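A.B. asks: Supplied in structure tokens, the structure appears directly below.
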Amino acid sequence: MGFDLTEEQQRMQEMAHEFAEKEMRPVAAHYDETEEFPWPVMRKANDVGLLTYALPEEYGGAGVVSQVTNCLVQEELFWGCAGIATSMGAIMLGALPILISGTEEQKKKYLGMLTESRPDGNPRLGAFALTEPDAGSDAASLKTSAKKVKGGFVLNGTKHFITNGGIADVYTVFATHDPSQGADGIDCFIVEGAWEGVKPGKKEKKMGIRASHTAQVHFEDVFVPEENMLGAESEGFFVAMQVLDKSRPMVATGAVGIARAAFEAALAYSLERKQFGRAIAKQQAIGFMLADMATKIDAARLLCHRSAWLLDQDLPSMKESSMAKSFAPDVAMEVTTDAVQIFGGVGYTREYPVEKWMRDAKIMQIFEGTTQIQKLVISRSLIGFG
């Protein structure tokens, strides 16, 4: 692996940065304050191809398959606004199970659907529905049921903390046909948001990433035709783990984007702010903080790119993906907290965006597998399961 970017990578990185700078940053505070869904930004992102660029060209995407390229794009988008970027990324997260285990017919129908706009011009949304009120880190204990009936399955249950939940057009839903089998009893289904029995639940009021729509989704006697099962029976948990292995480097690199935003602001402020007759950046205490921030951001980015490169080479990456997902969010939390400290009292106000970045950073340690779960994965890869 080298450090030179390909022409495609440079182009995608520049496009994402320009979009983040012009379309996301100017409205980030508004959506953080109002907690409205950023439909205008999503429409613009769809127009330039940033929502489904990673889908194959034959299904309407741009065919950007490199995970390293995805990392470059996601860092820029999260640098722009973590909440909006989360809503954007949830579309691809919902599509990943279809990409991984879908039939050609399923891909044509549902990936094609996600690349089309709604009649009102808004983009279609995807969602990944795994988490439940009693099944977070222990995903295999989920309770949403899939009962086999003539011609398909009937789903009943509630999903929790679902990005784009209640407003998505396409869900990939994980349900169990036999709870006693644990992970071996889990299946995965494609469910359309417009189907009877798919009902939006409570929308969460969150600490951070407020521009993203996070809500419960209820499935009440939802009939799913048998052709909408993804993979074979009992393969659902395996599909979910494959998705998370691919998505964790992207979440980790999002944390890098948040950290970078906070660092750049703290550096600029510390060069302008004067105390004791000189810029506070020249005070050793602040200078050392900035040095640590820059070093940790670089280290986190390199972990993300290594795990993404392994994915691009079809090499085992579970440990490395968990290292990136464990380390980068911790860096984001540390860097954003230090940024608030460097800003001092004004950093604690909404006059500056550093307090938002600190609030946004916290979720990166939680979703897509907590920091503690990542360390469990890493330790087991080193010493085994005994």
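Identifiers for the structure tokens are assigned positionally: chains receive A, B, ... in sequence, residues are indexed from 1 per chain, and ligands are indexed from 1 in the order shown.
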Could you list, as a list of chain:residue names, every residue within 6 Å of stretch 72-83 of chain A, counting only C-alpha atoms and ignoring same-chain residues fewer than 3 positions away?

C.D. replies: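 The residues that qualify are A:Gln13, A:Ala16, A:His17, A:Ala20, A:Met24, A:Arg25, A:Ala28, A:Thr69, A:Thr86, A:Ile209, A:Arg210, A:Ala211, A:Ser212, A:Thr253, A:Gly254, A:Gly257, A:Ile258, A:Ala261.
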
A.B. asks: Among the residues of stretch 210-329 of chain A, find those DSSP assigns to helix (DSSP H, G or I) from the backbone and print them as a PDB file with C-alpha atoms, in the first residue's frame.

C.D. replies:
```
ATOM      1  CA  GLU A 226     -40.111 -15.329   0.103  1.00  0.00           C
ATOM      2  CA  GLU A 227     -38.138 -13.775  -2.751  1.00  0.00           C
ATOM      3  CA  ASN A 228     -37.230 -10.935  -0.370  1.00  0.00           C
ATOM      4  CA  GLY A 236     -28.760 -13.427   8.526  1.00  0.00           C
ATOM      5  CA  PHE A 237     -26.289 -13.049  11.371  1.00  0.00           C
ATOM      6  CA  PHE A 238     -23.385 -13.880   9.066  1.00  0.00           C
ATOM      7  CA  VAL A 239     -24.621 -11.217   6.641  1.00  0.00           C
ATOM      8  CA  ALA A 240     -24.828  -8.662   9.473  1.00  0.00           C
ATOM      9  CA  MET A 241     -21.260  -9.390  10.566  1.00  0.00           C
ATOM     10  CA  GLN A 242     -20.005  -9.032   6.992  1.00  0.00           C
ATOM     11  CA  VAL A 243     -21.749  -5.679   6.734  1.00  0.00           C
ATOM     12  CA  LEU A 244     -20.209  -4.452   9.979  1.00  0.00           C
ATOM     13  CA  ASP A 245     -16.723  -5.554   8.922  1.00  0.00           C
ATOM     14  CA  LYS A 246     -17.104  -3.404   5.808  1.00  0.00           C
ATOM     15  CA  SER A 247     -18.792  -0.453   7.490  1.00  0.00           C
ATOM     16  CA  ARG A 248     -16.571  -0.065  10.552  1.00  0.00           C
ATOM     17  CA  PRO A 249     -13.649   1.516   8.695  1.00  0.00           C
ATOM     18  CA  MET A 250     -16.112   4.026   7.231  1.00  0.00           C
ATOM     19  CA  VAL A 251     -17.482   4.933  10.663  1.00  0.00           C
ATOM     20  CA  ALA A 252     -13.949   5.170  12.021  1.00  0.00           C
ATOM     21  CA  THR A 253     -12.887   7.490   9.231  1.00  0.00           C
ATOM     22  CA  GLY A 254     -15.960   9.607   9.965  1.00  0.00           C
ATOM     23  CA  ALA A 255     -14.535  10.064  13.451  1.00  0.00           C
ATOM     24  CA  VAL A 256     -11.300  11.240  11.844  1.00  0.00           C
ATOM     25  CA  GLY A 257     -13.293  13.849   9.924  1.00  0.00           C
ATOM     26  CA  ILE A 258     -14.882  15.175  13.119  1.00  0.00           C
ATOM     27  CA  ALA A 259     -11.513  15.264  14.875  1.00  0.00           C
ATOM     28  CA  ARG A 260      -9.889  17.050  11.949  1.00  0.00           C
ATOM     29  CA  ALA A 261     -12.602  19.704  11.915  1.00  0.00           C
ATOM     30  CA  ALA A 262     -12.099  20.388  15.614  1.00  0.00           C
ATOM     31  CA  PHE A 263      -8.309  20.394  15.328  1.00  0.00           C
ATOM     32  CA  GLU A 264      -8.276  22.833  12.415  1.00  0.00           C
ATOM     33  CA  ALA A 265     -10.545  25.214  14.316  1.00  0.00           C
ATOM     34  CA  ALA A 266      -8.512  24.919  17.521  1.00  0.00           C
ATOM     35  CA  LEU A 267      -5.248  25.536  15.676  1.00  0.00           C
ATOM     36  CA  ALA A 268      -6.602  28.622  13.923  1.00  0.00           C
ATOM     37  CA  TYR A 269      -8.113  30.009  17.134  1.00  0.00           C
ATOM     38  CA  SER A 270      -4.946  29.386  19.157  1.00  0.00           C
ATOM     39  CA  LEU A 271      -2.900  31.366  16.634  1.00  0.00           C
ATOM     40  CA  GLU A 272      -5.299  34.323  16.885  1.00  0.00           C
ATOM     41  CA  ILE A 280      -1.775  30.920  23.084  1.00  0.00           C
ATOM     42  CA  ALA A 281      -0.462  28.441  20.486  1.00  0.00           C
ATOM     43  CA  LYS A 282       3.021  29.648  21.483  1.00  0.00           C
ATOM     44  CA  GLN A 284       3.963  25.213  25.553  1.00  0.00           C
ATOM     45  CA  ALA A 285       0.885  23.789  27.273  1.00  0.00           C
ATOM     46  CA  ILE A 286      -1.275  24.562  24.241  1.00  0.00           C
ATOM     47  CA  GLY A 287       1.435  23.726  21.718  1.00  0.00           C
ATOM     48  CA  PHE A 288       1.826  20.241  23.187  1.00  0.00           C
ATOM     49  CA  MET A 289      -1.949  19.734  23.073  1.00  0.00           C
ATOM     50  CA  LEU A 290      -1.949  20.645  19.382  1.00  0.00           C
ATOM     51  CA  ALA A 291       0.973  18.297  18.726  1.00  0.00           C
ATOM     52  CA  ASP A 292      -0.845  15.395  20.373  1.00  0.00           C
ATOM     53  CA  MET A 293      -4.049  16.166  18.494  1.00  0.00           C
ATOM     54  CA  ALA A 294      -2.303  16.204  15.110  1.00  0.00           C
ATOM     55  CA  THR A 295      -0.397  12.991  15.848  1.00  0.00           C
ATOM     56  CA  LYS A 296      -3.456  11.075  17.006  1.00  0.00           C
ATOM     57  CA  ILE A 297      -5.506  12.165  13.987  1.00  0.00           C
ATOM     58  CA  ASP A 298      -2.798  10.945  11.622  1.00  0.00           C
ATOM     59  CA  ALA A 299      -2.496   7.637  13.477  1.00  0.00           C
ATOM     60  CA  ALA A 300      -6.266   7.131  13.393  1.00  0.00           C
ATOM     61  CA  ARG A 301      -6.435   7.908   9.679  1.00  0.00           C
ATOM     62  CA  LEU A 302      -3.676   5.393   8.929  1.00  0.00           C
ATOM     63  CA  LEU A 303      -5.518   2.665  10.853  1.00  0.00           C
ATOM     64  CA  CYS A 304      -8.657   3.406   8.852  1.00  0.00           C
ATOM     65  CA  HIS A 305      -6.854   3.331   5.528  1.00  0.00           C
ATOM     66  CA  ARG A 306      -5.061   0.094   6.370  1.00  0.00           C
ATOM     67  CA  SER A 307      -8.293  -1.704   7.224  1.00  0.00           C
ATOM     68  CA  ALA A 308      -9.918  -0.315   4.073  1.00  0.00           C
ATOM     69  CA  TRP A 309      -6.938  -1.409   1.966  1.00  0.00           C
ATOM     70  CA  LEU A 310      -7.233  -4.942   3.346  1.00  0.00           C
ATOM     71  CA  LEU A 311     -10.893  -4.972   2.316  1.00  0.00           C
ATOM     72  CA  ASP A 312      -9.910  -3.814  -1.157  1.00  0.00           C
ATOM     73  CA  MET A 318     -11.778  -8.061  11.125  1.00  0.00           C
ATOM     74  CA  LYS A 319      -9.056  -7.287  13.670  1.00  0.00           C
ATOM     75  CA  GLU A 320      -7.794  -4.261  11.760  1.00  0.00           C
ATOM     76  CA  SER A 321     -11.314  -2.898  11.227  1.00  0.00           C
ATOM     77  CA  SER A 322     -11.949  -3.192  14.952  1.00  0.00           C
ATOM     78  CA  MET A 323      -8.639  -1.479  15.713  1.00  0.00           C
ATOM     79  CA  ALA A 324      -9.678   1.447  13.532  1.00  0.00           C
ATOM     80  CA  LYS A 325     -13.197   1.540  15.012  1.00  0.00           C
ATOM     81  CA  SER A 326     -11.803   1.347  18.544  1.00  0.00           C
ATOM     82  CA  PHE A 327      -9.053   3.942  18.171  1.00  0.00           C
ATOM     83  CA  ALA A 328     -10.422   6.634  15.852  1.00  0.00           C
ATOM     84  CA  PRO A 329     -13.595   7.436  17.849  1.00  0.00           C
TER      85      PRO A 329
END
```

A.B. asks: Which residue, A:Ile84, A:Ala90, A:Val346, A:Val340, has the smallest gap to A:Tyr31 when you use only C-alpha atoms?

C.D. replies: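 Under the stated criterion, the closest residue is A:Ile84.
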
A.B. asks: Using only C-alpha atoms, which residue out of A:Ala361, A:Val173, A:Ala45, A:Ala183 lies closest to A:Val198?

C.D. replies: A:Val173

A.B. asks: Hey, what's within 10 Å of A:Lys147 if we count only C-alpha atoms and toss same-chain stuff fewer than 4 positions away? As a list of chain:residue names, please?

C.D. replies: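 Selected residues are A:Gly152, A:Phe153, A:Val154, A:Leu155, A:Asn156, A:Ala175, A:Thr176, A:His177, A:Asp178, A:Asp221, A:Phe223, A:Val224.
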
A.B. asks: Next, dump the selected residues to file, keeping only C-alpha atoms, as a short mmCIF file (atom, residue, chain, number, x, y, z; two decimals), in the first residue's frame.

C.D. replies:
```cif
data_model
loop_
_atom_site.label_atom_id
_atom_site.label_comp_id
_atom_site.auth_asym_id
_atom_site.auth_seq_id
_atom_site.Cartn_x
_atom_site.Cartn_y
_atom_site.Cartn_z
CA GLY A 152 -43.24 -15.84 2.49
CA PHE A 153 -42.83 -14.68 6.08
CA VAL A 154 -44.63 -12.49 8.60
CA LEU A 155 -42.47 -10.13 10.64
CA ASN A 156 -43.33 -8.81 14.09
CA ALA A 175 -35.35 -11.28 12.37
CA THR A 176 -35.31 -14.70 14.01
CA HIS A 177 -37.27 -17.78 13.00
CA ASP A 178 -36.14 -19.58 16.18
CA ASP A 221 -47.73 -8.49 10.87
CA PHE A 223 -45.86 -9.92 5.08
CA VAL A 224 -42.55 -10.36 3.26
#
```

A.B. asks: Which of these, A:Ser137, A:Thr163, A:Thr131, A:Met113, has the shortest distance to A:Val377 once you count only C-alpha atoms?

C.D. replies: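 Smallest distance to A:Val377 is found for A:Ser137.
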
A.B. asks: Just list the residues in stretch 53-129 of chain A DSSP gives strand (DSSP E or B) on the backbone, as a list in words.

C.D. replies: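 Output for stretch 53-129 of chain A, strand (DSSP E or B) only: Ser117, Pro123, Gly126, Ala127, Phe128 and Ala129 of chain A.
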
A.B. asks: With 10 Å as the cut-off and only C-alpha atoms counted, what is the closest atom pair between each nearby residue of stretch 116-163 of chain A and stretch 95-106 of chain A? Distances in Å to one decimal, ordered by chain and number, as CSV.

C.D. replies:
```
residue,atom,partner,partner_atom,distance
A:Leu125,CA,A:Ala95,CA,9.7
A:Gly126,CA,A:Ala95,CA,6.6
A:Ala127,CA,A:Ala95,CA,7.7
A:Phe128,CA,A:Ala95,CA,7.9
```

A.B. asks: For A:Met42, which residue among A:Ser87, A:Gln9, A:Asn70, A:Gln374 is the nearest when counting only C-alpha atoms?

C.D. replies: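 That would be A:Ser87, the residue with the smallest distance to A:Met42.
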
A.B. asks: What separation in Å, quoted to one decimal, exists between atom CA of A:Met358 and atom CA of A:Asp330?

C.D. replies: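 It comes out at 11.3 Å.
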
A.B. asks: Calculated over only C-alpha atoms, which of the candidates A:Gly208, A:Thr214, A:Leu50, A:Gly344 has the smallest distance to A:Asp32?

C.D. replies: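 When distances to A:Asp32 are compared using only C-alpha atoms, the smallest one comes from A:Gly208.
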
A.B. asks: Which residue gives the smallest distance to A:Ile378 among A:Ser234, A:Gln216, A:Ser317, A:Gln275, with only C-alpha atoms counted?

C.D. replies: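 Nearest to A:Ile378: A:Ser317.
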